[in-house]
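Engineer: Let me begin by handing over the structure; questions about it come next.
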Amino acid sequence: MALQIIEKSDLAFFVQNLMDHFQLEGVQSKGQSVYGQAFFYGTIRSPAELCLDFDCTVMPPKKYFLPPQEALFRFQTGPSPACFECRPNKPLVIFGIHPYDLKAISQMDRVFAAGTPDPHYLARREATILIGIDPTHVAPRSFWASMEAAVVSSGFDLMMTDLGANYIVETGSEKGKALLGDYAKVRPATSDEVRQRVSQRSHIADMGQKRGLTFPKREIPILLQHSLTSPLWEENATKCLSCGTCNLVCPTCYCFDVWDDMELNLTQGQRLRRWDGCLLSDFARVATGENFRGTRTSRYRHRFYRKGQYLFFGILDDVACVGCGRCAAFCLPDIADPVEVFNRLKEKLN
Amino acid sequence: MEKAKVAFFDFASCEGDQLQVINLEEDLLKVVEAVEIVSFREAMKGHSDDYDIAFVEGSVTRRSDEARLKEIRKNAKVLVALGACATLGGVNLLKNFQEAENVRKFVYGDKAFQYETYPARPLKAVVPVDIDIHGCPINRHEFVMVFKSLLLGKKPEIPNYPVCVECKMAESICVFEMGMTCLGPVTRAGCGACCVTEGSYCWGCRGLVDNPNADSQREVLAKYGLGLRDILNKFRLYSGFSEVAQ
Ligand code: SF4
Ligand code: SF4
Ligand code: SF4
Ligand code: SF4
Ligand code: SF4
């Protein structure tokens with residue numbers, strides 16, 4: 001389907017229509033912090049609540065597919081044991097996802113489908129429609145351009161770009177096409193507008209170059225190969241609070257912990273999972289008490305290998321960091337920034 | 001199967017933690033049904049010294065408290081400390097950092113000589129404690145979790161990660177970005193980061209995680225403008241009994 005145009009004056013109509021027919025989630029400002037607006041994803045209850053010119057949200061849209069906590073199944077013990085499925089399938093539209101977060105979702109899709117597919121993640125993903133938006137602002141710590149995530153050509157149902165006078169929309173799937181057809185007022189884009197989109201997108205990529213890697217991204221796995229014993233790991237890790245923030249705010253961190261919660265009658269219960277993070281001190285502790293990553297340094301280092309190397313070969317063929325900069329922005333001792341760390345490792349190696 | 005016998009006790013405290021138990025609403029009935037409660041001054045009459053599990057609230061602030069606590073320890077198979085006063089010494093510890101005479105006069109005026117007192121301390125400074133239910137006050141859901149674990153004979157899973165984890169899960173704005181400071185990065189989670197979610201910051205009422213990075217936390221607090229005295233005061237509000245605050 002050719003590129004379409006939604007006039008700015010027709011945006012509220014589209015949003016209202018989506019609200020009427022789906023649960024609509026999107027970016028909202030949750031207040032002013034000392035650094036600027038704090039943006040979060042939440043349920044949109046009126047078109048005016050939806051913000052499309054945000055720089056970056058505090059938390060990524062990951063929670064829609066991997067909630068902070070969820071029930072995997074319910075069970076009953078005793079003479080007639082039984083198990084009951086909890087399958088999520090609530091249809092959802094998420095309006096306003098930046099390319100780097102779309103890229104992160106595509107990576108998570110591959111991870112959760114590989115090996116033993118994760119039915120809960122996949123069911124949620126299947127029931128969700130993604131509307132992307134190209135950024136108009138860059139967050140201070142973002143570096144998505146150098147992670148090749150300034151622009152995406154797949155991984156969305158609709159992709160919008162703000163052209164000033166209107167939005168130009170690319171269709172990425174049948175679902176997206178139906179959404180436009182059923183709920184939006186559109187017209188085909190003129191060849192002028194199509195050209196405008198190209199220049200707008202290269203402008204965005206330039207904006208995103210303000211900070212980034214000093215070397216090509218694909219060299220990260222090799223760089224890490226040679227950096228296992230770098231003194232940088234310990235130097236930074238002494239300041240690590242083991243707070244897990246860098247994991248929890250990351251759109252490509254997927255770890256969770258699983259446990260059983262019994263009811264007070266002690267015969268029924270549910271198996272739950274909740275977010276975990278490799279920076280937390282007990283992450284690699286096993287039932288016997290042994291902790292396989294008992295030091296801050298080993299945990300701190302692990303995250304960079306997980307982002308830069310472990311998923312590269314075989315699973316993603318890519319670095320599992322999309323350059324959103326959230327970990328950098330929210331790490332209180334300011335040691336979690338992948339750009340800082342990778343660039344410094346590179347310097348030390350040269 | 002015979003029901004476990006449960007007793008509640010209190011030392012120097014505001015009884016806010018026992019109140020949390022009474023506030024369990026529909027779960028309270030199920031709790032009461034699952035066990036036999038033999039002593040609970042805040043909720044019922046009667047008392048017996050025959051119990052398996054003792055929930056003890058409050059801190060030890062008098063030498064004469066020690067004998068009573070040791071007696072409870074002797075009677076109970078499992079002793080659970082209930083709330084920050086019992087697990088850490090709690091706000092009662094604040095007096096330890098001031099001149100004892102002044103504190104006595106301030107509280108009891110010219111009757112000060114009639115009242116016995118000594119530096120406040122958590123239960124575990126006097127007797128071995130099996131389980132700590134942290135918080136000022138405790139989190140009701142955590143109480144129920146520990147309660148169920150005891151009935152199932154399981155070790156309760158008390159979080160050993162900091163409040164920041166729950167703060168992120170609740171999608172709160174970090175208060176360091178709002179011009180405030182916070183003890184969340186070194187404080188044991190389990191409260192759902194309720195203070196931050198409600199617009200305040202973490203005071204550290206659940207005590208420190210097992211291996212807090214206090215040096216880094218100090219640096220962070222200093223970076224955000226806190227002087228040494230304020231930093232110490234922050235740690236001392238609840239964790240005055242730990243090394244970090246000494
Ligand atoms: S956010 Fe920073 S301090 Fe917290 S675990 Fe990550 S690296 Fe450590
Ligand atoms: S590692 Fe940091 S910058 Fe990279 S995707 Fe995760 S949060 Fe974003
Ligand atoms: S811990 Fe808090 S709620 Fe509990 S007794 Fe002490 S002061 Fe009261
Ligand atoms: S507000 Fe406090 S608990 Fe929450 S993330 Fe910030 S430092 Fe951690
Ligand atoms: S946020 Fe901090 S002060 Fe508040 S209940 Fe939790 S541990 Fe206590």
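Chain identifiers are assigned as A, B, and so on, following the order in which chains appear in the structure tokens; residues are numbered from 1 within each chain, and ligands are numbered from 1 in order of appearance.
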Could you give me, as JSON lines, a per-residue list for chain A showing, wherever an atom lies at most 8 Å from an atom of chain B, the closest pair of atoms and their distance in Å to one decimal, using only C-alpha atoms and sorting by chain then residue number from low to high?
Structural biologist:
```
{"residue": "A:Gln32", "atom": "CA", "partner": "B:Met178", "partner_atom": "CA", "distance": 7.9}
{"residue": "A:Ser33", "atom": "CA", "partner": "B:Met178", "partner_atom": "CA", "distance": 5.0}
{"residue": "A:Val34", "atom": "CA", "partner": "B:Glu177", "partner_atom": "CA", "distance": 5.7}
{"residue": "A:Tyr35", "atom": "CA", "partner": "B:Glu177", "partner_atom": "CA", "distance": 6.9}
{"residue": "A:Ala38", "atom": "CA", "partner": "B:Ile173", "partner_atom": "CA", "distance": 7.1}
{"residue": "A:Phe40", "atom": "CA", "partner": "B:Glu171", "partner_atom": "CA", "distance": 7.7}
{"residue": "A:Val58", "atom": "CA", "partner": "B:Ile173", "partner_atom": "CA", "distance": 7.8}
{"residue": "A:Met59", "atom": "CA", "partner": "B:Glu171", "partner_atom": "CA", "distance": 7.0}
{"residue": "A:Pro68", "atom": "CA", "partner": "B:Met169", "partner_atom": "CA", "distance": 5.7}
{"residue": "A:Thr238", "atom": "CA", "partner": "B:Ser216", "partner_atom": "CA", "distance": 7.7}
{"residue": "A:Lys239", "atom": "CA", "partner": "B:Ser216", "partner_atom": "CA", "distance": 5.1}
{"residue": "A:Cys240", "atom": "CA", "partner": "B:Ser216", "partner_atom": "CA", "distance": 7.0}
{"residue": "A:Leu241", "atom": "CA", "partner": "B:Asn213", "partner_atom": "CA", "distance": 5.4}
{"residue": "A:Ser242", "atom": "CA", "partner": "B:Asn213", "partner_atom": "CA", "distance": 7.8}
{"residue": "A:Cys243", "atom": "CA", "partner": "B:Pro185", "partner_atom": "CA", "distance": 5.7}
{"residue": "A:Gly244", "atom": "CA", "partner": "B:Val165", "partner_atom": "CA", "distance": 6.4}
{"residue": "A:Thr245", "atom": "CA", "partner": "B:Val165", "partner_atom": "CA", "distance": 6.6}
{"residue": "A:Leu248", "atom": "CA", "partner": "B:Lys168", "partner_atom": "CA", "distance": 6.7}
{"residue": "A:Val249", "atom": "CA", "partner": "B:Lys168", "partner_atom": "CA", "distance": 7.4}
{"residue": "A:Met262", "atom": "CA", "partner": "B:Lys148", "partner_atom": "CA", "distance": 7.5}
{"residue": "A:Glu263", "atom": "CA", "partner": "B:Lys148", "partner_atom": "CA", "distance": 7.9}
{"residue": "A:Leu264", "atom": "CA", "partner": "B:Lys148", "partner_atom": "CA", "distance": 6.4}
{"residue": "A:Asn265", "atom": "CA", "partner": "B:Lys30", "partner_atom": "CA", "distance": 7.6}
{"residue": "A:Leu266", "atom": "CA", "partner": "B:Leu152", "partner_atom": "CA", "distance": 7.6}
{"residue": "A:Leu280", "atom": "CA", "partner": "B:Tyr161", "partner_atom": "CA", "distance": 6.3}
{"residue": "A:Ser281", "atom": "CA", "partner": "B:Tyr161", "partner_atom": "CA", "distance": 7.0}
{"residue": "A:Asp282", "atom": "CA", "partner": "B:Asn160", "partner_atom": "CA", "distance": 7.2}
{"residue": "A:Leu332", "atom": "CA", "partner": "B:Val220", "partner_atom": "CA", "distance": 6.6}
{"residue": "A:Pro333", "atom": "CA", "partner": "B:Val220", "partner_atom": "CA", "distance": 6.1}
```
Engineer: Taking only C-alpha atoms and all ligand atoms into account, report as an MDAnalysis selection string which residues have an atom no farther than 6 Å from an atom of ligand 5.
Structural biologist: chainID B and resid 135 187 191 193:196 202:206
Engineer: Give me, as a PyMOL selection string, all polymer residues having an atom no more than 12 Å from Leu24 (chain B), counting only C-alpha atoms and skipping those fewer than 5 positions away in the same chain.
Structural biologist: chain B and resi 17-19+29-32+138-144
Engineer: Do you have, as CSV, the list of residues of chain A lying at most 12 Å from ligand 1, each with its nearest atom pair and that distance in Å to one decimal, counting only C-alpha atoms and all ligand atoms and ordered by chain then number?
Structural biologist:
```
residue,atom,partner,partner_atom_place_in_ligand_line,distance
A:Trp233,CA,ligand 1,7 (S),10.6
A:Glu234,CA,ligand 1,7 (S),11.6
A:Glu235,CA,ligand 1,7 (S),11.8
A:Asn236,CA,ligand 1,7 (S),8.2
A:Ala237,CA,ligand 1,8 (Fe),7.0
A:Thr238,CA,ligand 1,8 (Fe),9.1
A:Lys239,CA,ligand 1,3 (S),6.7
A:Cys240,CA,ligand 1,8 (Fe),3.7
A:Leu241,CA,ligand 1,3 (S),4.0
A:Ser242,CA,ligand 1,5 (S),3.9
A:Cys243,CA,ligand 1,4 (Fe),4.0
A:Gly244,CA,ligand 1,5 (S),4.0
A:Thr245,CA,ligand 1,1 (S),4.2
A:Cys246,CA,ligand 1,1 (S),4.1
A:Asn247,CA,ligand 1,6 (Fe),6.7
A:Leu248,CA,ligand 1,1 (S),8.7
A:Val249,CA,ligand 1,1 (S),9.0
A:Cys250,CA,ligand 1,1 (S),10.3
A:Asp276,CA,ligand 1,5 (S),11.6
A:Gly277,CA,ligand 1,5 (S),8.5
A:Cys278,CA,ligand 1,5 (S),8.4
A:Leu279,CA,ligand 1,5 (S),4.9
A:Leu280,CA,ligand 1,5 (S),6.7
A:Ser281,CA,ligand 1,5 (S),9.1
A:Phe283,CA,ligand 1,5 (S),11.6
A:Thr295,CA,ligand 1,8 (Fe),11.8
A:Arg296,CA,ligand 1,8 (Fe),8.2
A:Thr297,CA,ligand 1,8 (Fe),9.7
A:Ser298,CA,ligand 1,8 (Fe),11.5
A:Arg299,CA,ligand 1,5 (S),8.6
A:Tyr300,CA,ligand 1,7 (S),6.3
A:Arg301,CA,ligand 1,7 (S),9.4
A:His302,CA,ligand 1,7 (S),10.8
A:Arg303,CA,ligand 1,6 (Fe),8.9
A:Phe304,CA,ligand 1,7 (S),10.2
A:Gly325,CA,ligand 1,1 (S),11.7
A:Arg326,CA,ligand 1,1 (S),9.6
A:Cys327,CA,ligand 1,1 (S),6.3
A:Ala328,CA,ligand 1,1 (S),7.7
A:Ala329,CA,ligand 1,1 (S),9.0
A:Phe330,CA,ligand 1,1 (S),6.4
A:Cys331,CA,ligand 1,1 (S),3.8
A:Leu332,CA,ligand 1,3 (S),6.0
A:Pro333,CA,ligand 1,3 (S),5.8
A:Asp334,CA,ligand 1,2 (Fe),6.2
A:Ile335,CA,ligand 1,7 (S),5.5
A:Ala336,CA,ligand 1,7 (S),4.5
A:Asp337,CA,ligand 1,7 (S),8.3
A:Pro338,CA,ligand 1,7 (S),10.3
A:Val341,CA,ligand 1,7 (S),11.2
```
Engineer: Would you mind exporting C-alpha atoms of the selected residues as a short mmCIF file (atom, residue, chain, number, x, y, z; two decimals), in the first residue's frame?
Structural biologist:
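Here's the written file result-v3.cif:
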```cif
data_model
loop_
_atom_site.label_atom_id
_atom_site.label_comp_id
_atom_site.auth_asym_id
_atom_site.auth_seq_id
_atom_site.Cartn_x
_atom_site.Cartn_y
_atom_site.Cartn_z
CA TRP A 233 34.88 -3.80 34.66
CA GLU A 234 36.06 -3.65 38.24
CA GLU A 235 36.72 0.08 38.14
CA ASN A 236 33.08 0.77 37.28
CA ALA A 237 31.55 -2.10 39.23
CA THR A 238 32.87 -0.79 42.58
CA LYS A 239 30.27 1.94 42.19
CA CYS A 240 27.45 -0.43 41.20
CA LEU A 241 24.50 -0.39 43.60
CA SER A 242 23.20 -3.74 42.27
CA CYS A 243 19.88 -1.98 41.88
CA GLY A 244 18.95 -3.63 38.60
CA THR A 245 17.69 -0.38 37.11
CA CYS A 246 19.80 -0.83 33.96
CA ASN A 247 18.07 -4.18 33.40
CA LEU A 248 14.55 -3.15 34.26
CA VAL A 249 14.44 -0.09 32.01
CA CYS A 250 16.02 -1.92 29.09
CA ASP A 276 14.45 -10.20 37.31
CA GLY A 277 17.78 -8.66 36.36
CA CYS A 278 21.34 -9.94 36.07
CA LEU A 279 22.70 -7.01 38.06
CA LEU A 280 20.75 -8.03 41.18
CA SER A 281 22.91 -9.77 43.76
CA PHE A 283 20.24 -13.37 40.24
CA THR A 295 30.67 -10.32 42.74
CA ARG A 296 29.51 -6.95 41.48
CA THR A 297 32.19 -7.08 38.81
CA SER A 298 31.04 -10.39 37.37
CA ARG A 299 27.44 -9.20 37.28
CA TYR A 300 28.30 -5.80 35.87
CA ARG A 301 30.46 -7.28 33.13
CA HIS A 302 27.87 -9.88 32.25
CA ARG A 303 25.31 -7.31 31.07
CA PHE A 304 27.67 -5.85 28.48
CA GLY A 325 20.05 5.30 26.46
CA ARG A 326 17.63 4.49 29.30
CA CYS A 327 20.19 2.50 31.29
CA ALA A 328 22.60 5.43 30.99
CA ALA A 329 20.01 7.98 32.02
CA PHE A 330 18.73 6.16 35.11
CA CYS A 331 21.87 4.58 36.58
CA LEU A 332 22.49 6.76 39.64
CA PRO A 333 26.29 6.28 39.80
CA ASP A 334 26.30 6.72 36.00
CA ILE A 335 28.28 3.63 35.07
CA ALA A 336 25.76 1.79 32.87
CA ASP A 337 26.13 3.71 29.59
CA PRO A 338 27.00 1.22 26.82
CA VAL A 341 31.88 1.54 28.12
#
```
Engineer: Write out as a short mmCIF file (atom, residue, chain, number, x, y, z; two decimals) with all heavy atoms, in the first residue's frame each polymer residue whose atoms come within 10 Å of Lys348 (chain A), counting only C-alpha atoms; drop sequence neighbours fewer than 2 positions from it.
Structural biologist:
```
data_model
loop_
_atom_site.label_atom_id
_atom_site.label_comp_id
_atom_site.auth_asym_id
_atom_site.auth_seq_id
_atom_site.Cartn_x
_atom_site.Cartn_y
_atom_site.Cartn_z
N SER A 227 38.25 -8.19 25.66
CA SER A 227 38.17 -7.30 26.82
C SER A 227 37.79 -8.00 28.13
O SER A 227 37.50 -7.34 29.12
CB SER A 227 37.15 -6.19 26.55
OG SER A 227 37.46 -5.51 25.37
N SER A 230 39.65 -6.76 31.11
CA SER A 230 39.87 -5.31 31.20
C SER A 230 39.65 -4.81 32.63
O SER A 230 38.70 -5.22 33.30
CB SER A 230 38.90 -4.58 30.26
OG SER A 230 38.91 -3.20 30.55
N PRO A 231 40.52 -3.92 33.11
CA PRO A 231 40.34 -3.35 34.46
C PRO A 231 39.09 -2.47 34.56
O PRO A 231 38.62 -2.17 35.66
CB PRO A 231 41.60 -2.52 34.69
CG PRO A 231 42.20 -2.30 33.34
CD PRO A 231 41.75 -3.42 32.46
N LEU A 232 38.55 -2.08 33.41
CA LEU A 232 37.38 -1.20 33.40
C LEU A 232 36.20 -1.82 34.16
O LEU A 232 35.43 -1.12 34.82
CB LEU A 232 36.97 -0.89 31.96
CG LEU A 232 35.80 0.07 31.80
CD1 LEU A 232 36.18 1.46 32.28
CD2 LEU A 232 35.34 0.13 30.34
N PHE A 342 31.73 0.86 25.78
CA PHE A 342 32.29 0.29 24.55
C PHE A 342 33.39 1.20 23.99
O PHE A 342 34.44 0.72 23.56
CB PHE A 342 31.19 0.04 23.52
CG PHE A 342 30.24 -1.08 23.90
CD1 PHE A 342 28.87 -0.98 23.66
CD2 PHE A 342 30.72 -2.25 24.49
CE1 PHE A 342 28.00 -2.02 24.01
CE2 PHE A 342 29.87 -3.29 24.84
CZ PHE A 342 28.50 -3.17 24.60
N ASN A 343 33.17 2.50 24.02
CA ASN A 343 34.19 3.41 23.50
C ASN A 343 35.47 3.35 24.34
O ASN A 343 36.58 3.38 23.80
CB ASN A 343 33.67 4.85 23.45
CG ASN A 343 32.73 5.07 22.27
OD1 ASN A 343 32.64 4.23 21.37
ND2 ASN A 343 32.02 6.18 22.28
N ARG A 344 35.31 3.25 25.65
CA ARG A 344 36.51 3.19 26.50
C ARG A 344 37.26 1.88 26.31
O ARG A 344 38.49 1.85 26.31
CB ARG A 344 36.13 3.39 27.97
CG ARG A 344 36.00 4.88 28.31
CD ARG A 344 35.80 5.11 29.78
NE ARG A 344 36.96 4.69 30.58
CZ ARG A 344 36.91 4.57 31.91
NH1 ARG A 344 35.79 4.80 32.55
NH2 ARG A 344 37.99 4.21 32.58
N LEU A 345 36.51 0.79 26.14
CA LEU A 345 37.18 -0.49 25.88
C LEU A 345 37.98 -0.40 24.59
O LEU A 345 39.11 -0.87 24.49
CB LEU A 345 36.15 -1.62 25.78
CG LEU A 345 35.48 -2.07 27.08
CD1 LEU A 345 34.42 -3.12 26.78
CD2 LEU A 345 36.51 -2.61 28.08
N LYS A 346 37.36 0.23 23.59
CA LYS A 346 38.01 0.37 22.29
C LYS A 346 39.30 1.18 22.43
O LYS A 346 40.36 0.80 21.92
CB LYS A 346 37.04 1.08 21.33
CG LYS A 346 37.55 1.25 19.92
CD LYS A 346 37.50 -0.06 19.16
CE LYS A 346 38.06 0.13 17.75
NZ LYS A 346 38.18 -1.15 17.06
N ASN A 350 43.23 -0.02 21.70
CA ASN A 350 44.03 0.55 20.60
C ASN A 350 45.47 0.86 21.03
O ASN A 350 45.73 1.15 22.16
CB ASN A 350 43.37 1.84 20.09
CG ASN A 350 42.17 1.50 19.22
OD1 ASN A 350 42.04 0.37 18.76
ND2 ASN A 350 41.28 2.45 19.02
#
```
Engineer: Using backbone DSSP assignments, extract all alpha helix (DSSP H) residues from region 98-147 of chain B; output them as a ChimeraX atom specification.
Structural biologist: /B:100-108,140-147
Engineer: Find the residues around Arg197 (chain A) up to 12 Å (only C-alpha atoms counted), leave out those fewer than 4 positions away in its own chain, and share them as a list in words.
Structural biologist: Leu3, Gln4, Ile5, Asp134, Val151, Met159, Met160, Thr161, Asp162, Leu163, Gly164, Ala165, Asn166, Tyr167, Ile168, Val169, Glu170, Ala189, Thr190, Ser191, Asp192, Glu193, Arg201, Ser202, His203 and Ile204 of chain A
Engineer: Given the choices B:Cys182, B:Gly240, B:Val60, B:Thr197, which gets closest to ligand 4 if the distance is worked out from only C-alpha atoms and all ligand atoms?
Structural biologist: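 With only C-alpha atoms and all ligand atoms as the atom set, the closest residue is B:Cys182.
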Engineer: How would you report the residues lying within 10 Å of ligand 3, as a short mmCIF file (atom, residue, chain, number, x, y, z; two decimals) with N, CA and C atoms, in the first residue's frame, if you count only C-alpha atoms and all ligand atoms?
Structural biologist:
```
data_model
loop_
_atom_site.label_atom_id
_atom_site.label_comp_id
_atom_site.auth_asym_id
_atom_site.auth_seq_id
_atom_site.Cartn_x
_atom_site.Cartn_y
_atom_site.Cartn_z
N ASP B 10 4.29 -7.66 72.07
CA ASP B 10 4.90 -6.39 71.70
C ASP B 10 5.80 -5.83 72.77
N PHE B 11 6.87 -5.19 72.29
CA PHE B 11 7.78 -4.43 73.17
C PHE B 11 7.61 -2.96 72.79
N ALA B 12 8.69 -2.16 72.85
CA ALA B 12 8.53 -0.72 72.57
C ALA B 12 8.13 -0.51 71.12
N SER B 13 6.89 -0.10 70.92
CA SER B 13 6.36 -0.01 69.56
C SER B 13 5.09 0.81 69.55
N CYS B 14 4.59 1.08 68.36
CA CYS B 14 3.32 1.80 68.26
C CYS B 14 2.18 0.83 67.97
N GLU B 15 2.49 -0.45 67.89
CA GLU B 15 1.51 -1.51 67.60
C GLU B 15 0.95 -1.39 66.19
N GLY B 16 1.61 -0.60 65.35
CA GLY B 16 1.15 -0.42 63.98
C GLY B 16 1.24 -1.70 63.16
N ASP B 17 2.18 -2.57 63.53
CA ASP B 17 2.35 -3.80 62.75
C ASP B 17 1.25 -4.81 63.08
N GLN B 18 0.89 -4.91 64.36
CA GLN B 18 -0.23 -5.79 64.72
C GLN B 18 -1.52 -5.26 64.10
N LEU B 19 -1.60 -3.94 64.02
CA LEU B 19 -2.77 -3.34 63.39
C LEU B 19 -2.86 -3.76 61.91
N GLN B 20 -1.71 -3.85 61.27
CA GLN B 20 -1.69 -4.30 59.87
C GLN B 20 -2.24 -5.73 59.77
N VAL B 56 6.67 -11.15 67.18
CA VAL B 56 7.03 -10.17 68.20
C VAL B 56 7.29 -8.81 67.56
N GLU B 57 6.53 -7.82 68.02
CA GLU B 57 6.67 -6.45 67.54
C GLU B 57 7.46 -5.62 68.55
N GLY B 58 8.14 -4.59 68.07
CA GLY B 58 8.78 -3.63 68.98
C GLY B 58 10.25 -3.91 69.25
N SER B 59 10.92 -2.90 69.78
CA SER B 59 12.34 -3.06 70.08
C SER B 59 12.54 -3.17 71.59
N ALA B 81 10.21 -11.66 63.94
CA ALA B 81 10.23 -10.24 64.30
C ALA B 81 9.29 -9.49 63.37
N LEU B 82 8.44 -8.67 63.96
CA LEU B 82 7.37 -8.03 63.21
C LEU B 82 7.58 -6.52 63.16
N GLY B 83 8.02 -6.01 62.02
CA GLY B 83 8.15 -4.57 61.87
C GLY B 83 9.54 -4.04 62.22
N ALA B 84 9.80 -2.83 61.73
CA ALA B 84 11.14 -2.24 61.81
C ALA B 84 11.66 -2.13 63.25
N CYS B 85 10.79 -1.83 64.22
CA CYS B 85 11.27 -1.72 65.60
C CYS B 85 11.89 -3.04 66.04
N ALA B 86 11.25 -4.15 65.64
CA ALA B 86 11.73 -5.47 66.04
C ALA B 86 12.91 -5.93 65.19
N THR B 87 12.88 -5.63 63.88
CA THR B 87 13.92 -6.16 63.00
C THR B 87 15.18 -5.31 63.04
N LEU B 88 15.03 -3.99 63.22
CA LEU B 88 16.18 -3.09 63.13
C LEU B 88 16.41 -2.26 64.38
N GLY B 89 15.42 -2.22 65.24
CA GLY B 89 15.45 -1.25 66.34
C GLY B 89 14.53 -0.08 66.03
N GLY B 90 14.38 0.19 64.74
CA GLY B 90 13.40 1.18 64.29
C GLY B 90 13.69 2.59 64.75
N VAL B 91 12.68 3.42 64.68
CA VAL B 91 12.85 4.83 65.05
C VAL B 91 13.26 4.99 66.51
N ASN B 92 12.98 3.96 67.34
CA ASN B 92 13.38 4.04 68.75
C ASN B 92 14.88 4.25 68.89
N ILE B 133 10.14 -9.87 59.43
CA ILE B 133 9.18 -9.23 58.52
C ILE B 133 9.40 -7.74 58.67
N HIS B 134 10.04 -7.16 57.66
CA HIS B 134 10.50 -5.78 57.76
C HIS B 134 9.36 -4.79 57.52
N GLY B 135 9.69 -3.52 57.76
CA GLY B 135 8.78 -2.44 57.38
C GLY B 135 8.23 -1.66 58.55
N CYS B 136 7.96 -0.41 58.31
CA CYS B 136 7.35 0.45 59.32
C CYS B 136 6.19 1.18 58.69
N PRO B 137 5.00 0.61 58.70
CA PRO B 137 4.71 -0.70 59.26
C PRO B 137 4.97 -1.82 58.24
N ILE B 138 4.75 -3.07 58.67
CA ILE B 138 4.91 -4.21 57.78
C ILE B 138 3.92 -4.13 56.61
N CYS B 205 12.90 2.10 55.69
CA CYS B 205 12.30 1.45 56.85
C CYS B 205 12.43 -0.07 56.83
N ARG B 206 12.73 -0.64 55.65
CA ARG B 206 12.86 -2.10 55.60
C ARG B 206 14.31 -2.53 55.80
N TYR B 238 16.42 4.60 60.30
CA TYR B 238 16.00 3.23 60.55
C TYR B 238 17.14 2.25 60.77
#
```
